[in-house]
Amino acid sequence: MDTVTITINGRQVDVPPGTTVLNAARQAGIDIPTLCHFPSLIPIGACRLCLVEVKGQRNPQPACTFPVTQGMEVQTDTPRLYEMRKFILSMLFSERNHFCPYCELSGSCELQDLGYRFGLDHFLFETYTKPFPLDASHRHLVIDHNRCVLCARCIRACSEIAANHTLGLGNRGAATLISCDADAPWGESTCVSCGTCAQVCPTGAIIDRRSSYMGRNRQLDRVASACNRCSVVCAMKVAVRGGRVVRIESDWEAPVNGGLLCERGRFEPLHDERERVTEPMIRREGRLMAATWDDALEAAAEKLRGAGGADLGVAVSGDATNEALYTAAKLFREDLGASYLGLLNRNVPKLSGRSGTLADLATSDLVIVVGVDLMKEMPVAAYLSKRAVDKGARLIVVDDGDNGLAPFASLTVPTSDIASAVAAAAAAGRPVVLHGGVTGETAEALKKIADKASFIAMQPGVNAFAATALGFNGDGRAAGTKVLYMILGEQTVGQVIPGQFTIVQAAFRSPAVEGADIVLPSAVWSERAGSLTSTDGRILKADKAVEPAGSAKADWEILALLAQKMGKKSLSFDETSQAALIEIKGKERA
Ligand code: SF4
Ligand code: SF4
Ligand code: SF4
């Protein structure tokens with residue numbers, strides 16, 4: 001049977017078998033109130049607000065867990081259900097302290113919204129006056145148990161989405177609390193600070209320290225963005241108010257990381273206190289002096305006109321956008337004939353075999369991680385690997401040192417025993433190999449499963465996939481060139497070589513900036529539009545969320561202005577994006 005036909009409030013609804021009554025109603029545009037339900041989590045029917053009457057069932061049933069059957073007749077909005085829901089809500093409001101005016105979530109709290117919807121204008125029952133504890137031991141998050149309705153969304157998010165299993169229920173009855181690692185302070189628990197629990201909490205029970213009380217939800221604009229902290233390039237949303245980034249949220253619709261970010265992506269950009277480069281500078285009489293954009297670009301153009309060919313090199317950091325990389329490749333390789341196009345981050349060559357994507361982890365039965373510590377370097381890839389383990393996949397870690405995924409692996413072997421991992425993969429159905437840089441012997445051993453496994457090269461540089469595809473293959477050392485143009489973006493890598501004329505595009509002060517001859521200030525991730533290519537080849541777009549600091553500009557724009565200054569053709573942003581996408585997608589993985 002392809003579809004099941006039911007009636008909801010007298011309306012006929014056709015849905016696939018296995019659909020829950022709640023989802024069938026939502027597909028038909030019929031609203032059923034919920035509180036513990038969250039679309040990305042497995043429903044548990046805990047709060048009972050979604051109770052519906054099903055013909056033939058003696059008692060109302062929770063719509064979020066009740067599956068449809070052919071001919072089912074459902075009522076979602078009877079006076080009896082209204083009273084039951086109001087009763088449940090009254091109990092929830094009475095159980096803990098829900099004094100809304102003091103709550104960060106007032107105005108965008110799901111419990112408060114339901115209170116208004118069911119006309120709760122006074123407490124029906126005596127309220128529980130014993131104060132519950134507040135745990136503020138976490139560096140980013142606070143849990144106020146007084147606001148908690150025990151919906152278990154946070155527990156499920158921690159387990160099902162982050163695969164971290166830190167949260168659970170402690171105590172019993174009215175004293176039940178959300179607990180970390182069976183009663184550790186949150187800040188001392190196994191929490192990895194992904195922040196997913198805060199994002200699913202329907203009340204003000206879990207809030208984050210940085211964004212709390214900085215604006216109600218309805219006062220915040222959401223801007224689509226992509227994390228530029230590692231090569232997983234997670235899609236995310238930036239919450240902005242008054243020209244400031246208030247919060248970073250995960251994007252539930254994102255194809256690979258849907259709902260998931262790591263600490264580095266969600267919290268660290270909001271605490272970046274490195275000193276910015278905010279204006280162009282030219283070295284005069286040994287010192288970097290402030291200059292206008294026009295003067296700085298003219299000085300750079302003049303130097304570049306006199307170089308070219310073997311004398312000229314360009315080095316890019318891995319977090320330059322596709323647009324910046326494309327414009328740099330066009331200007332320096334095609335127009336100026338630079339002899340050196342380098343990547344400041346290490347490039348991980350892809351191993352022989354089928355190219356996979358991180359989405360393959362969801363269906364894999366064996367994950368091999370070799371030559372990379374994903375927990376440290378690409379945390380969301382680590383969480384996705386742990387999620388695969390939770391679903392029954394085996395995890396094999398091949399590493400000669402400590403590896404953050406080792407405690408979750410069924411087998412951890414040194415690289416000298418790569419044969420054990422290869423043998424396990426040969427016997428598996430859908431093996432995935434996530435690899436960093438590996439030795440020739442390891443690469444050779446893995447060739448035995450080249451036809452079977454999907455391979456993903458986990459690049460240390462954020463946009464290294466695109467950089468390599470666009471021809472930035474040099475190793476970052478540009479000795480031999482007389483003029484070097486460095487596009488550092490937000491990185492503080494690289495050194496100036498004595499005697500070499502150096503032009504640097506950078507967002508932050510660094511040794512390379514201090515030693516440069518000309519400095520051009522770059523916008524950071526939230527201040528520029530652009531796209532990034534993830535380590536598995538997905539292209540993610542980021543919109544500009546806030547204005548750049550000082551007179552900084554997006555890397556691609558600086559390069560386009562420089563090209564114009566030199567009388568070369570430059571493309572618009574949209575043309576650049578399109579051309580970059582075609583070229584990156586058109587290239588085989590290096
Ligand atoms: S921040 Fe992440 S790991 Fe920590 S408790 Fe919340 S969901 Fe779990
Ligand atoms: S802390 Fe929030 S998400 Fe967790 S159980 Fe309480 S109300 Fe629900
Ligand atoms: S895994 Fe990487 S891309 Fe994703 S949120 Fe963390 S740092 Fe950002």
# chains A, B, ... in the order shown; residues from 1 in each chain; ligands from 1
call {"tool": "closest_atom_pairs", "arguments": {"of": "chain A", "to": "ligand 3", "cutoff": "6 Å", "atoms": "only C-alpha atoms and all ligand atoms", "output": "CSV"}}
result
residue,atom,partner,partner_atom_place_in_ligand_line,distance
A:Cys227,CA,ligand 3,8 (Fe),4.5
A:Asn228,CA,ligand 3,3 (S),5.9
A:Arg229,CA,ligand 3,7 (S),4.1
A:Cys230,CA,ligand 3,2 (Fe),4.0
A:Ser231,CA,ligand 3,3 (S),5.9
A:Val232,CA,ligand 3,3 (S),4.4
A:Val233,CA,ligand 3,3 (S),3.7
A:Cys234,CA,ligand 3,4 (Fe),4.2
A:Leu261,CA,ligand 3,5 (S),4.0
A:Cys262,CA,ligand 3,6 (Fe),4.1
A:Arg264,CA,ligand 3,7 (S),4.8
A:Gly265,CA,ligand 3,5 (S),3.6
A:Met378,CA,ligand 3,1 (S),4.6
A:Pro379,CA,ligand 3,1 (S),4.6
A:Val380,CA,ligand 3,1 (S),3.9
call {"tool": "residues_around", "arguments": {"residues": "Val238 of chain A", "least_positions_apart": "5", "cutoff": "10 Å", "atoms": "only C-alpha atoms", "output": "list in words"}}
result
Leu220, Asp221, Arg222, Val223, Ala224, Ser225, Ala226, Arg244, Val245, Val246, Arg247, Ile248, Glu249, Ser250, Asp251, Arg266, Ser526, Ala542, Asp543, Lys544, Ala545 and Val546 of chain A
call {"tool": "atom_distance", "arguments": {"atom1": "atom CA of Ile44 of chain A", "atom2": "atom CA of Gly187 of chain A"}}
result
27.9 Å
call {"tool": "select_by_dssp", "arguments": {"residues": "segment 36-102 of chain A", "states": "strand (DSSP E)", "output": "NGL selection string"}}
result
:A and (51-54 or 61-62 or 73-75)
call {"tool": "residues_near_ligand", "arguments": {"ligand": "ligand 2", "cutoff": "6 Å", "atoms": "only C-alpha atoms and all ligand atoms", "output": "list of chain:residue names"}}
result
A:Cys148, A:Val149, A:Leu150, A:Cys151, A:Ala152, A:Arg153, A:Cys154, A:Cys201, A:Pro202, A:Thr203, A:Ala205, A:Ile206
call {"tool": "residues_around", "arguments": {"residues": "segment 345-349 of chain A", "least_positions_apart": "2", "cutoff": "9 Å", "atoms": "only C-alpha atoms", "output": "list of chain:residue names"}}
result
A:Val316, A:Ser317, A:Gly318, A:Gly342, A:Leu343, A:Leu351, A:His435, A:Gly436, A:Gly437, A:Val438, A:Ala457, A:Met458, A:Gln459, A:Pro460, A:Gly461, A:Val462, A:Ala464, A:Phe465, A:Thr468, A:Asn473, A:Asp475, A:Gly476, A:Val493, A:Arg589, A:Ala590
call {"tool": "closest_residue", "arguments": {"among": "A:Asp183, A:Glu279, A:Asp144, A:Asp360", "to": "Ile518 of chain A", "atoms": "only C-alpha atoms"}}
result
A:Glu279
call {"tool": "closest_atom_pairs", "arguments": {"of": "chain A", "to": "ligand 1", "cutoff": "6 Å", "atoms": "only C-alpha atoms and all ligand atoms", "output": "CSV"}}
result
residue,atom,partner,partner_atom_place_in_ligand_line,distance
A:Ala157,CA,ligand 1,7 (S),5.7
A:Cys158,CA,ligand 1,7 (S),3.7
A:Ala162,CA,ligand 1,7 (S),5.9
A:Asn164,CA,ligand 1,3 (S),5.4
A:Thr166,CA,ligand 1,8 (Fe),5.3
A:Leu167,CA,ligand 1,5 (S),5.6
A:Cys191,CA,ligand 1,4 (Fe),3.7
A:Val192,CA,ligand 1,3 (S),4.5
A:Ser193,CA,ligand 1,1 (S),3.9
A:Cys194,CA,ligand 1,2 (Fe),4.0
A:Gly195,CA,ligand 1,1 (S),3.8
A:Thr196,CA,ligand 1,7 (S),4.5
A:Cys197,CA,ligand 1,7 (S),4.2
call {"tool": "closest_residue", "arguments": {"among": "A:Glu298, A:Glu83, A:Asp536, A:Glu547", "to": "Lys585 of chain A", "atoms": "only C-alpha atoms"}}
result
A:Asp536
call {"tool": "atom_distance", "arguments": {"atom1": "atom CA of Glu53 of chain A", "atom2": "atom CA of Ser90 of chain A"}}
result
20.8 Å
call {"tool": "residues_around", "arguments": {"residues": "segment 416-424 of chain A", "least_positions_apart": "4", "cutoff": "10 Å", "atoms": "only C-alpha atoms", "output": "list of chain:residue names"}}
result
A:Leu366, A:Val367, A:Ile368, A:Val369, A:Val370, A:Arg394, A:Leu395, A:Ile396, A:Val397, A:Val398, A:Asp399, A:Asp400, A:Leu411, A:Thr412, A:Ala428, A:Pro431, A:Val433, A:Glu441, A:Thr442, A:Ala443, A:Ala445, A:Leu446, A:Lys447, A:Lys448, A:Ile449, A:Ala453
call {"tool": "residues_around", "arguments": {"residues": "Ala338 of chain A", "least_positions_apart": "5", "cutoff": "6 Å", "atoms": "only C-alpha atoms", "output": "ChimeraX atom specification"}}
result
/A:308-309,312-313,332-333
call {"tool": "atom_distance", "arguments": {"atom1": "atom CA of Ile584 of chain A", "atom2": "atom CA of Val314 of chain A"}}
result
18.9 Å
call {"tool": "closest_residue", "arguments": {"among": "A:Asn257, A:Asn97, A:Thr502, A:Thr5", "to": "Gly71 of chain A", "atoms": "only C-alpha atoms"}}
result
A:Thr5
call {"tool": "closest_residue", "arguments": {"among": "A:Leu105, A:Ala235, A:Leu571, A:Ala382", "to": "Phe408 of chain A", "atoms": "only C-alpha atoms"}}
result
A:Ala382
call {"tool": "residues_around", "arguments": {"residues": "Lys587 of chain A", "least_positions_apart": "3", "cutoff": "12 Å", "atoms": "only C-alpha atoms", "output": "MDAnalysis selection string"}}
result
chainID A and resid 465:471 537 580:584 590
call {"tool": "residues_around", "arguments": {"residues": "Pro60 of chain A", "least_positions_apart": "4", "cutoff": "9 Å", "atoms": "only C-alpha atoms", "output": "PyMOL selection string"}}
result
chain A and resi 51-54+81
call {"tool": "write_last_selection", "arguments": {"atoms": "C-alpha atoms", "output": "PDB file, in the first residue's frame"}}
result
ATOM      1  CA  LEU A  51      -3.360  13.915  22.643  1.00  0.00           C
ATOM      2  CA  VAL A  52      -6.021  13.288  19.989  1.00  0.00           C
ATOM      3  CA  GLU A  53      -9.189  11.234  19.930  1.00  0.00           C
ATOM      4  CA  VAL A  54      -9.025   8.218  17.658  1.00  0.00           C
ATOM      5  CA  LEU A  81      -9.041  17.614  24.439  1.00  0.00           C
TER       6      LEU A  81
END
call {"tool": "closest_residue", "arguments": {"among": "A:Thr127, A:Thr76, A:Thr19, A:Asn59", "to": "Met91 of chain A", "atoms": "only C-alpha atoms"}}
result
A:Thr127
call {"tool": "closest_residue", "arguments": {"among": "A:Leu177, A:Val519, A:Ala450, A:Ile207", "to": "Ile282 of chain A", "atoms": "only C-alpha atoms"}}
result
A:Val519
call {"tool": "decode", "arguments": {"residues": "segment 372-384 of chain A", "atoms": "all heavy atoms", "output": "PDB file, in the first residue's frame"}}
result
ATOM      1  N   VAL A 372      44.186  11.144  11.269  1.00  0.00           N
ATOM      2  CA  VAL A 372      43.579  12.421  11.633  1.00  0.00           C
ATOM      3  C   VAL A 372      42.823  12.251  12.949  1.00  0.00           C
ATOM      4  O   VAL A 372      42.189  11.211  13.174  1.00  0.00           O
ATOM      5  CB  VAL A 372      42.635  12.925  10.507  1.00  0.00           C
ATOM      6  CG1 VAL A 372      41.513  11.952  10.196  1.00  0.00           C
ATOM      7  CG2 VAL A 372      42.062  14.306  10.821  1.00  0.00           C
ATOM      8  N   ASP A 373      42.928  13.259  13.821  1.00  0.00           N
ATOM      9  CA  ASP A 373      42.146  13.254  15.060  1.00  0.00           C
ATOM     10  C   ASP A 373      40.932  14.151  14.838  1.00  0.00           C
ATOM     11  O   ASP A 373      40.994  15.369  15.016  1.00  0.00           O
ATOM     12  CB  ASP A 373      42.987  13.762  16.237  1.00  0.00           C
ATOM     13  CG  ASP A 373      42.262  13.569  17.570  1.00  0.00           C
ATOM     14  OD1 ASP A 373      41.019  13.415  17.557  1.00  0.00           O
ATOM     15  OD2 ASP A 373      42.929  13.577  18.615  1.00  0.00           O
ATOM     16  N   LEU A 374      39.828  13.530  14.430  1.00  0.00           N
ATOM     17  CA  LEU A 374      38.637  14.313  14.064  1.00  0.00           C
ATOM     18  C   LEU A 374      38.074  15.080  15.258  1.00  0.00           C
ATOM     19  O   LEU A 374      37.530  16.175  15.095  1.00  0.00           O
ATOM     20  CB  LEU A 374      37.560  13.398  13.482  1.00  0.00           C
ATOM     21  CG  LEU A 374      37.917  12.694  12.174  1.00  0.00           C
ATOM     22  CD1 LEU A 374      36.797  11.746  11.770  1.00  0.00           C
ATOM     23  CD2 LEU A 374      38.176  13.702  11.065  1.00  0.00           C
ATOM     24  N   MET A 375      38.173  14.508  16.451  1.00  0.00           N
ATOM     25  CA  MET A 375      37.626  15.212  17.624  1.00  0.00           C
ATOM     26  C   MET A 375      38.314  16.557  17.798  1.00  0.00           C
ATOM     27  O   MET A 375      37.686  17.531  18.186  1.00  0.00           O
ATOM     28  CB  MET A 375      37.804  14.367  18.889  1.00  0.00           C
ATOM     29  CG  MET A 375      36.856  13.201  18.968  1.00  0.00           C
ATOM     30  SD  MET A 375      35.139  13.725  19.148  1.00  0.00           S
ATOM     31  CE  MET A 375      34.820  13.319  20.812  1.00  0.00           C
ATOM     32  N   LYS A 376      39.592  16.614  17.482  1.00  0.00           N
ATOM     33  CA  LYS A 376      40.317  17.879  17.619  1.00  0.00           C
ATOM     34  C   LYS A 376      40.156  18.754  16.387  1.00  0.00           C
ATOM     35  O   LYS A 376      39.980  19.954  16.495  1.00  0.00           O
ATOM     36  CB  LYS A 376      41.813  17.589  17.792  1.00  0.00           C
ATOM     37  CG  LYS A 376      42.241  17.322  19.200  1.00  0.00           C
ATOM     38  CD  LYS A 376      43.763  17.452  19.304  1.00  0.00           C
ATOM     39  CE  LYS A 376      44.240  16.694  20.526  1.00  0.00           C
ATOM     40  NZ  LYS A 376      45.419  15.916  20.262  1.00  0.00           N
ATOM     41  N   GLU A 377      40.246  18.153  15.219  1.00  0.00           N
ATOM     42  CA  GLU A 377      40.373  18.968  14.013  1.00  0.00           C
ATOM     43  C   GLU A 377      39.057  19.227  13.285  1.00  0.00           C
ATOM     44  O   GLU A 377      38.869  20.295  12.723  1.00  0.00           O
ATOM     45  CB  GLU A 377      41.372  18.322  13.052  1.00  0.00           C
ATOM     46  CG  GLU A 377      42.783  18.281  13.646  1.00  0.00           C
ATOM     47  CD  GLU A 377      43.780  17.668  12.700  1.00  0.00           C
ATOM     48  OE1 GLU A 377      43.701  17.940  11.498  1.00  0.00           O
ATOM     49  OE2 GLU A 377      44.630  16.890  13.172  1.00  0.00           O
ATOM     50  N   MET A 378      38.166  18.257  13.244  1.00  0.00           N
ATOM     51  CA  MET A 378      36.894  18.411  12.527  1.00  0.00           C
ATOM     52  C   MET A 378      35.793  17.771  13.370  1.00  0.00           C
ATOM     53  O   MET A 378      35.289  16.686  13.047  1.00  0.00           O
ATOM     54  CB  MET A 378      36.951  17.725  11.161  1.00  0.00           C
ATOM     55  CG  MET A 378      37.939  18.341  10.215  1.00  0.00           C
ATOM     56  SD  MET A 378      39.152  17.104   9.753  1.00  0.00           S
ATOM     57  CE  MET A 378      40.402  18.099   8.997  1.00  0.00           C
ATOM     58  N   PRO A 379      35.417  18.426  14.476  1.00  0.00           N
ATOM     59  CA  PRO A 379      34.562  17.760  15.462  1.00  0.00           C
ATOM     60  C   PRO A 379      33.241  17.225  14.917  1.00  0.00           C
ATOM     61  O   PRO A 379      32.813  16.133  15.308  1.00  0.00           O
ATOM     62  CB  PRO A 379      34.336  18.855  16.513  1.00  0.00           C
ATOM     63  CG  PRO A 379      35.522  19.751  16.387  1.00  0.00           C
ATOM     64  CD  PRO A 379      35.860  19.750  14.930  1.00  0.00           C
ATOM     65  N   VAL A 380      32.591  17.956  14.020  1.00  0.00           N
ATOM     66  CA  VAL A 380      31.292  17.455  13.559  1.00  0.00           C
ATOM     67  C   VAL A 380      31.462  16.141  12.788  1.00  0.00           C
ATOM     68  O   VAL A 380      30.618  15.243  12.879  1.00  0.00           O
ATOM     69  CB  VAL A 380      30.539  18.535  12.749  1.00  0.00           C
ATOM     70  CG1 VAL A 380      29.398  17.930  11.942  1.00  0.00           C
ATOM     71  CG2 VAL A 380      29.987  19.603  13.708  1.00  0.00           C
ATOM     72  N   ALA A 381      32.572  15.985  12.085  1.00  0.00           N
ATOM     73  CA  ALA A 381      32.827  14.699  11.415  1.00  0.00           C
ATOM     74  C   ALA A 381      32.999  13.600  12.469  1.00  0.00           C
ATOM     75  O   ALA A 381      32.570  12.454  12.267  1.00  0.00           O
ATOM     76  CB  ALA A 381      34.059  14.803  10.533  1.00  0.00           C
ATOM     77  N   ALA A 382      33.596  13.956  13.610  1.00  0.00           N
ATOM     78  CA  ALA A 382      33.741  12.980  14.706  1.00  0.00           C
ATOM     79  C   ALA A 382      32.367  12.617  15.264  1.00  0.00           C
ATOM     80  O   ALA A 382      32.065  11.445  15.511  1.00  0.00           O
ATOM     81  CB  ALA A 382      34.624  13.548  15.806  1.00  0.00           C
ATOM     82  N   TYR A 383      31.502  13.624  15.463  1.00  0.00           N
ATOM     83  CA  TYR A 383      30.176  13.343  16.021  1.00  0.00           C
ATOM     84  C   TYR A 383      29.361  12.466  15.050  1.00  0.00           C
ATOM     85  O   TYR A 383      28.617  11.578  15.473  1.00  0.00           O
ATOM     86  CB  TYR A 383      29.395  14.634  16.314  1.00  0.00           C
ATOM     87  CG  TYR A 383      30.134  15.645  17.161  1.00  0.00           C
ATOM     88  CD1 TYR A 383      29.791  16.981  17.127  1.00  0.00           C
ATOM     89  CD2 TYR A 383      31.184  15.263  17.998  1.00  0.00           C
ATOM     90  CE1 TYR A 383      30.475  17.928  17.894  1.00  0.00           C
ATOM     91  CE2 TYR A 383      31.872  16.202  18.757  1.00  0.00           C
ATOM     92  CZ  TYR A 383      31.517  17.528  18.690  1.00  0.00           C
ATOM     93  OH  TYR A 383      32.194  18.452  19.431  1.00  0.00           O
ATOM     94  N   LEU A 384      29.517  12.736  13.741  1.00  0.00           N
ATOM     95  CA  LEU A 384      28.788  11.927  12.765  1.00  0.00           C
ATOM     96  C   LEU A 384      29.306  10.486  12.780  1.00  0.00           C
ATOM     97  O   LEU A 384      28.537   9.538  12.593  1.00  0.00           O
ATOM     98  CB  LEU A 384      28.917  12.530  11.359  1.00  0.00           C
ATOM     99  CG  LEU A 384      28.285  13.918  11.165  1.00  0.00           C
ATOM    100  CD1 LEU A 384      28.591  14.460   9.777  1.00  0.00           C
ATOM    101  CD2 LEU A 384      26.771  13.880  11.389  1.00  0.00           C
TER     102      LEU A 384
END
